[in-house]
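Single-structure report; data block below.
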Amino acid sequence: MEVIICDTQEAVADRVANYIKYLINKKENATLGLATGSTPIKLYKKLIELYNNNEVTFKKTTTFNLDEYYNIDGDNIQSYRYFMNKYLFNKIDIDKSKAHFPICLEGENPNLIGDLYEKKIINAGGIDLQILGLGSNGHIGFNEPSSSFMSKTRIKTLTQKTIDDNSRLFNKNEYQPNMAMTMGISTILNAKYIILIATGENKSDAVNRLISGAISSKNPASILQNHKNVIVILDEDASSKVNNIDYYLNAAKENKKLQEQFGYFHELK
Ligand code: GLP
């Protein structure tokens, strides 16, 4: 696990956007796994800037979003498809027929929709780079504590903690779903590269547990310790409780030199 600490949230967004640009310029038909939430909004803004400067094109990119609320269709302003359109897809040249979400409406069988999503990911050649945020309870996607490390895309009931954390995004009388479809932990671990972003002091405990806590389904993000190509990119506030911070700062400097010399994403052809 590589840990990179940036001075500000803007610097985090800049760093991650440049990784994505590098990847797409290396492999134009790359498959990205994308996340929603407040954390990646600055990243998406930066990608739009890179696109407007003709530094990257998304024409041949396929995307799979991590999750989607249950029984909310793509036109609902609370849907993650709406979010992605608003913050990224409407402002770049992506072919939206290649942008996928695990949408499951009432009456549809979530098991079949989960299986289909897995098949679509496999047919696209697997995910080259998965972007992740981090829940304050350690969830990734909507894989709440106790999620199996072997899980695939499926429906999950949200914890009260997650419902409370996300309630800020809903108006008072607006319906807030308590279930969601989410890629499983095993789906996420199958990505060739993973970048997890966390910013803000409220993520500092979860970040510390992700990096140096025990690997346990009680803390889903901890399993990322076992993935061979994970980069955790933090701002200073989110890194404030990381043990051994000097080591990570030094390692990041050394890695940067090597990556500038030999490039990134060496497993991608
Ligand atoms: C949400 C999403 C996650 C996201 C996390 C953090 O519930 N399902 O994919 O990473 O919670 O969200 P935020 O970035 O708003 O803190």
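Ligands are numbered from 1 in the order shown, chains are lettered A, B, ... in the order of the structure tokens, and residues start at 1 in each chain.
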Counting only C-alpha atoms and all ligand atoms, give me one row per residue of chain A with an atom at most 7 Å from an atom of ligand 1, showing the shortest contact pair and its distance in Å to one decimal, sorted by chain then residue number, as a tab-separated table.
residue	atom	partner	partner_atom_place_in_ligand_line	distance
A:Ala35	CA	ligand 1	9 (O)	5.2
A:Thr36	CA	ligand 1	9 (O)	5.5
A:Gly37	CA	ligand 1	15 (O)	3.5
A:Ser38	CA	ligand 1	15 (O)	3.8
A:Thr39	CA	ligand 1	14 (O)	3.7
A:Pro40	CA	ligand 1	14 (O)	6.5
A:Leu66	CA	ligand 1	9 (O)	6.6
A:Asp67	CA	ligand 1	8 (N)	6.4
A:Leu132	CA	ligand 1	10 (O)	5.8
A:Gly133	CA	ligand 1	10 (O)	3.2
A:Leu134	CA	ligand 1	10 (O)	4.4
A:Gly135	CA	ligand 1	5 (C)	4.3
A:Ile140	CA	ligand 1	9 (O)	5.7
A:Gly141	CA	ligand 1	9 (O)	3.9
A:Phe142	CA	ligand 1	8 (N)	4.6
A:Thr162	CA	ligand 1	7 (O)	6.0
A:Asn166	CA	ligand 1	7 (O)	6.3
Would you save the residues of that selection, restricted to C-alpha atoms, as a PDB file, in the first residue's frame?
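Now in again26.pdb:
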ATOM      1  CA  ALA A  35     -17.193   6.670  -6.845  1.00  0.00           C
ATOM      2  CA  THR A  36     -19.703   9.264  -5.704  1.00  0.00           C
ATOM      3  CA  GLY A  37     -19.854  11.270  -2.453  1.00  0.00           C
ATOM      4  CA  SER A  38     -18.417  14.672  -1.608  1.00  0.00           C
ATOM      5  CA  THR A  39     -14.790  13.536  -1.756  1.00  0.00           C
ATOM      6  CA  PRO A  40     -14.375  12.985  -5.534  1.00  0.00           C
ATOM      7  CA  LEU A  66     -19.422   1.452  -7.383  1.00  0.00           C
ATOM      8  CA  ASP A  67     -22.952   1.688  -6.174  1.00  0.00           C
ATOM      9  CA  LEU A 132     -12.726   4.737  -3.917  1.00  0.00           C
ATOM     10  CA  GLY A 133     -13.877   7.084  -1.185  1.00  0.00           C
ATOM     11  CA  LEU A 134     -14.038   5.975   2.436  1.00  0.00           C
ATOM     12  CA  GLY A 135     -17.013   5.857   4.775  1.00  0.00           C
ATOM     13  CA  ILE A 140     -15.999   1.123   0.652  1.00  0.00           C
ATOM     14  CA  GLY A 141     -18.764   1.425  -1.923  1.00  0.00           C
ATOM     15  CA  PHE A 142     -21.698   0.486   0.292  1.00  0.00           C
ATOM     16  CA  THR A 162     -24.146   5.634   6.867  1.00  0.00           C
ATOM     17  CA  ASN A 166     -25.482  10.852   4.057  1.00  0.00           C
TER      18      ASN A 166
END
Find the residues near stretch 79-86 of chain A: any atom within 10 Å, counting only C-alpha atoms, skip ones fewer than 3 places away on the same chain, and give them as a tab-separated table (two decimals) with C-alpha atoms, in the first residue's frame.
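Result went into result.tsv, see below:
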chain	number	residue	atom	x	y	z
A	34	LEU	CA	-15.88	5.47	-10.18
A	35	ALA	CA	-17.19	6.67	-6.85
A	36	THR	CA	-19.70	9.26	-5.70
A	37	GLY	CA	-19.85	11.27	-2.45
A	41	ILE	CA	-16.21	16.15	-6.63
A	44	TYR	CA	-14.12	15.35	-11.34
A	65	ASN	CA	-19.87	3.11	-10.72
A	66	LEU	CA	-19.42	1.45	-7.38
A	67	ASP	CA	-22.95	1.69	-6.17
A	68	GLU	CA	-26.47	3.05	-6.60
A	69	TYR	CA	-29.37	3.48	-4.20
A	70	TYR	CA	-32.04	0.79	-4.45
A	71	ASN	CA	-35.26	1.74	-6.20
A	72	ILE	CA	-34.09	5.13	-7.41
A	73	ASP	CA	-33.96	5.52	-11.15
A	74	GLY	CA	-31.28	7.38	-13.05
A	75	ASP	CA	-33.35	10.55	-13.51
A	76	ASN	CA	-33.93	11.03	-9.78
A	89	PHE	CA	-20.29	12.95	-17.66
A	90	ASN	CA	-22.28	15.92	-19.04
A	91	LYS	CA	-19.06	17.91	-19.26
A	92	ILE	CA	-16.73	15.45	-20.99
A	96	LYS	CA	-22.78	7.38	-21.81
A	99	ALA	CA	-21.08	4.33	-18.27
A	100	HIS	CA	-22.64	1.66	-16.06
A	101	PHE	CA	-24.54	1.70	-12.77
A	102	PRO	CA	-26.02	-1.19	-10.78
A	103	ILE	CA	-29.56	0.17	-11.02
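Closest to A:Ser186 among A:Asp164, A:Glu106, A:Glu144, A:Glu118 is A:Glu118, based on only C-alpha atoms.
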Exercise. Could you pull out the strand (DSSP E) residues of stretch 45-253 of chain A from DSSP and send them as a PyMOL selection string?
Worked result: chain A and resi 62-65+67-69+99-100+129-132+154-157+179-182+193-198+230-235
Problem set entry | Residues near stretch 45-57 of chain A, cut-off 10 Å, only C-alpha atoms, skip fewer than 5 positions along chain, as a PyMOL selection string | chain A and resi 10+13-18+20-25+28+40+87-94
